[in-house]
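Peer 1: Quick one: the structure is below, questions incoming.
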Amino acid sequence: MRLAIIRGYVTSTVKHPSFAGARLLIAQPVDLADKPDGPPQVVIDPLGTALHEKVILCSDGSWARAFLKDPRSPCRWWVMGIVDEASEGSAA
Amino acid sequence: MRLATVIGRVTLSVRHPALKGERLLVALPWGPKTPQTGADHDYSIVVYDQLGAGSGGTIGVCESTEATRPFEKPTPVDAYCAALIDTVFYQPEDPHRA
């Protein structure tokens, strides 16, 4: 799982049929200072996330295939949760 | 999936039997700065394509074990072109943030 911020979206007409109707968001993985950390990922979004919200991405493809109802889907990354706070050090 | 820009193609004379009839692209995956600068790509990768992506186009590349899911028979693929991207909307920072 990775911390990321939703920075945009893409549209696509020709795609794997399992993505039909799915919102495809661009999630930029970030570190604790909100600095970009690694390449942006296109993710599916079962939660209805807004732009610039901080989220946790999950790379569990089996859940993504269940959500898209297609056992042949190549989808891997999806928005697992919306973050309230991510802080350095141990939680008090 | 990662976004990538198609820069070329690969053809094979000898191949794994499962790859018969393949179409292979050479693509540059986008890095964290690419949406703003159009440069700073990650190192190039070879991508299996069934959708017919053209040179210069933007594609969505599914990687890792999920790249093999669309195939009925076991196929040695770790990057699969899952979408031809029409438009990209990207905002590097939240304009409403104080």
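Convention: chains lettered A, B, ... in structure tokens order; per-chain residue numbering from 1; ligands numbered from 1 as shown.
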Can you tell me which residues surround B:Met1 at a distance of at most 9 Å, considering only C-alpha atoms, apart from same-chain residues fewer than 2 positions away, and format the answer as a compact mmCIF listing (two decimals) with C-alpha atoms, in the first residue's frame?

Peer 2:
# COMPACT_ATOMS: atom_id res chain seq x y z
CA PRO A 40 2.20 8.49 -11.05
CA GLN A 41 -0.26 5.60 -11.25
CA VAL A 42 -3.63 5.42 -12.96
CA VAL A 43 -6.01 3.89 -10.41
CA PRO A 74 -5.20 -6.41 -15.76
CA CYS A 75 -6.10 -3.75 -13.17
CA ARG A 76 -3.82 -3.63 -10.13
CA TRP A 77 -3.98 -0.28 -8.27
CA LEU B 3 1.16 6.14 -18.15
CA GLY B 60 -1.81 2.96 -19.85
CA VAL B 61 0.53 0.09 -19.01
CA CYS B 62 -0.48 -2.58 -16.50
CA GLU B 63 2.55 -4.23 -14.95
CA ALA B 82 -4.54 -1.79 -21.18

Peer 1: Which chain B residues are at most 12 Å from chain A (counting only C-alpha atoms), as a PyMOL selection string?

Peer 2: chain B and resi 1-4+28-36+40-43+49-53+57-73+77-97

Peer 1: I'd like the neighbourhood of B:Gly21 as a short mmCIF file (atom, residue, chain, number, x, y, z; two decimals) with C-alpha atoms, in the first residue's frame, where a residue qualifies if any of its atoms comes within 12 Å (using only C-alpha atoms), though same-chain residues fewer than 3 positions away should be ignored.

Peer 2:
data_model
loop_
_atom_site.label_atom_id
_atom_site.label_comp_id
_atom_site.auth_asym_id
_atom_site.auth_seq_id
_atom_site.Cartn_x
_atom_site.Cartn_y
_atom_site.Cartn_z
CA THR B 11 9.54 -7.53 -33.91
CA LEU B 12 10.89 -10.96 -33.04
CA SER B 13 12.16 -13.79 -35.26
CA VAL B 14 12.50 -16.32 -32.44
CA ARG B 15 10.01 -16.19 -29.60
CA HIS B 16 8.40 -18.07 -26.74
CA PRO B 17 5.55 -20.09 -28.34
CA ALA B 18 2.93 -18.30 -26.20
CA LEU B 24 5.36 -5.28 -28.93
CA TYR B 48 2.56 -6.18 -25.12
CA ASP B 49 -0.18 -4.48 -27.16
CA GLN B 50 -3.53 -5.79 -28.43
#

Peer 1: DSSP on the backbone: what in stretch 25-81 of chain B comes out alpha helix (DSSP H), as a list in words?

Peer 2: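 Taking stretch 25-81 of chain B and keeping alpha helix (DSSP H) gives Thr34, Pro35, Gln36 and Thr37 of chain B.
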
Peer 1: Per DSSP on the backbone, filter stretch 22-68 of chain A down to the residues in strand (DSSP E) and report them as a list in words.

Peer 2: Leu24, Leu25, Ile26, Ala27, Gln28, Pro29, Gln41, Val42, Val43, Ile44, Lys54, Val55, Ile56, Leu57 and Cys58 of chain A

Peer 1: Take the selection from the previous step and output its residues with N, CA and C atoms, as a PDB file, in the first residue's frame.

Peer 2:
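Done, and the output landed in selection-v8.pdb:
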ATOM      1  N   LEU A  24     -10.973   6.662 -13.961  1.00  0.00           N
ATOM      2  CA  LEU A  24      -9.529   6.417 -13.961  1.00  0.00           C
ATOM      3  C   LEU A  24      -8.833   7.683 -13.466  1.00  0.00           C
ATOM      4  N   LEU A  25      -8.365   7.662 -12.233  1.00  0.00           N
ATOM      5  CA  LEU A  25      -7.715   8.819 -11.621  1.00  0.00           C
ATOM      6  C   LEU A  25      -6.200   8.677 -11.696  1.00  0.00           C
ATOM      7  N   ILE A  26      -5.499   9.832 -11.737  1.00  0.00           N
ATOM      8  CA  ILE A  26      -4.039   9.818 -11.642  1.00  0.00           C
ATOM      9  C   ILE A  26      -3.675  10.063 -10.189  1.00  0.00           C
ATOM     10  N   ALA A  27      -3.001   9.096  -9.574  1.00  0.00           N
ATOM     11  CA  ALA A  27      -2.560   9.213  -8.182  1.00  0.00           C
ATOM     12  C   ALA A  27      -1.043   9.346  -8.167  1.00  0.00           C
ATOM     13  N   GLN A  28      -0.557  10.417  -7.532  1.00  0.00           N
ATOM     14  CA  GLN A  28       0.884  10.623  -7.412  1.00  0.00           C
ATOM     15  C   GLN A  28       1.347  10.122  -6.048  1.00  0.00           C
ATOM     16  N   PRO A  29       2.096   9.019  -5.978  1.00  0.00           N
ATOM     17  CA  PRO A  29       2.619   8.578  -4.683  1.00  0.00           C
ATOM     18  C   PRO A  29       3.478   9.674  -4.062  1.00  0.00           C
ATOM     19  N   GLN A  41       0.476   6.804 -10.881  1.00  0.00           N
ATOM     20  CA  GLN A  41      -0.259   5.596 -11.250  1.00  0.00           C
ATOM     21  C   GLN A  41      -1.686   5.971 -11.624  1.00  0.00           C
ATOM     22  N   VAL A  42      -2.214   5.300 -12.645  1.00  0.00           N
ATOM     23  CA  VAL A  42      -3.632   5.419 -12.956  1.00  0.00           C
ATOM     24  C   VAL A  42      -4.364   4.358 -12.139  1.00  0.00           C
ATOM     25  N   VAL A  43      -5.352   4.796 -11.352  1.00  0.00           N
ATOM     26  CA  VAL A  43      -6.010   3.891 -10.413  1.00  0.00           C
ATOM     27  C   VAL A  43      -7.520   3.925 -10.613  1.00  0.00           C
ATOM     28  N   ILE A  44      -8.187   2.851 -10.198  1.00  0.00           N
ATOM     29  CA  ILE A  44      -9.646   2.882 -10.158  1.00  0.00           C
ATOM     30  C   ILE A  44     -10.074   3.325  -8.762  1.00  0.00           C
ATOM     31  N   LYS A  54      -5.702  13.172  -0.221  1.00  0.00           N
ATOM     32  CA  LYS A  54      -4.645  12.195   0.066  1.00  0.00           C
ATOM     33  C   LYS A  54      -5.293  10.845   0.338  1.00  0.00           C
ATOM     34  N   VAL A  55      -4.742   9.817  -0.292  1.00  0.00           N
ATOM     35  CA  VAL A  55      -5.362   8.490  -0.223  1.00  0.00           C
ATOM     36  C   VAL A  55      -4.305   7.427   0.047  1.00  0.00           C
ATOM     37  N   ILE A  56      -4.779   6.223   0.298  1.00  0.00           N
ATOM     38  CA  ILE A  56      -3.904   5.059   0.308  1.00  0.00           C
ATOM     39  C   ILE A  56      -4.259   4.204  -0.899  1.00  0.00           C
ATOM     40  N   LEU A  57      -3.231   3.863  -1.688  1.00  0.00           N
ATOM     41  CA  LEU A  57      -3.412   2.978  -2.833  1.00  0.00           C
ATOM     42  C   LEU A  57      -3.092   1.556  -2.409  1.00  0.00           C
ATOM     43  N   CYS A  58      -3.852   0.614  -2.954  1.00  0.00           N
ATOM     44  CA  CYS A  58      -3.573  -0.790  -2.698  1.00  0.00           C
ATOM     45  C   CYS A  58      -3.288  -1.476  -4.033  1.00  0.00           C
TER      46      CYS A  58
END

Peer 1: Between atom CA of A:Val79 and atom CA of B:Thr37, what is the distance, to one decimal in Å?

Peer 2: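 Separation of atom CA of A:Val79 and atom CA of B:Thr37: 26.1 Å.
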
Peer 1: Record the distance separating atom CA of B:Val26 and atom CA of B:Ser44, expressed in Å with one decimal.

Peer 2: 6.7 Å
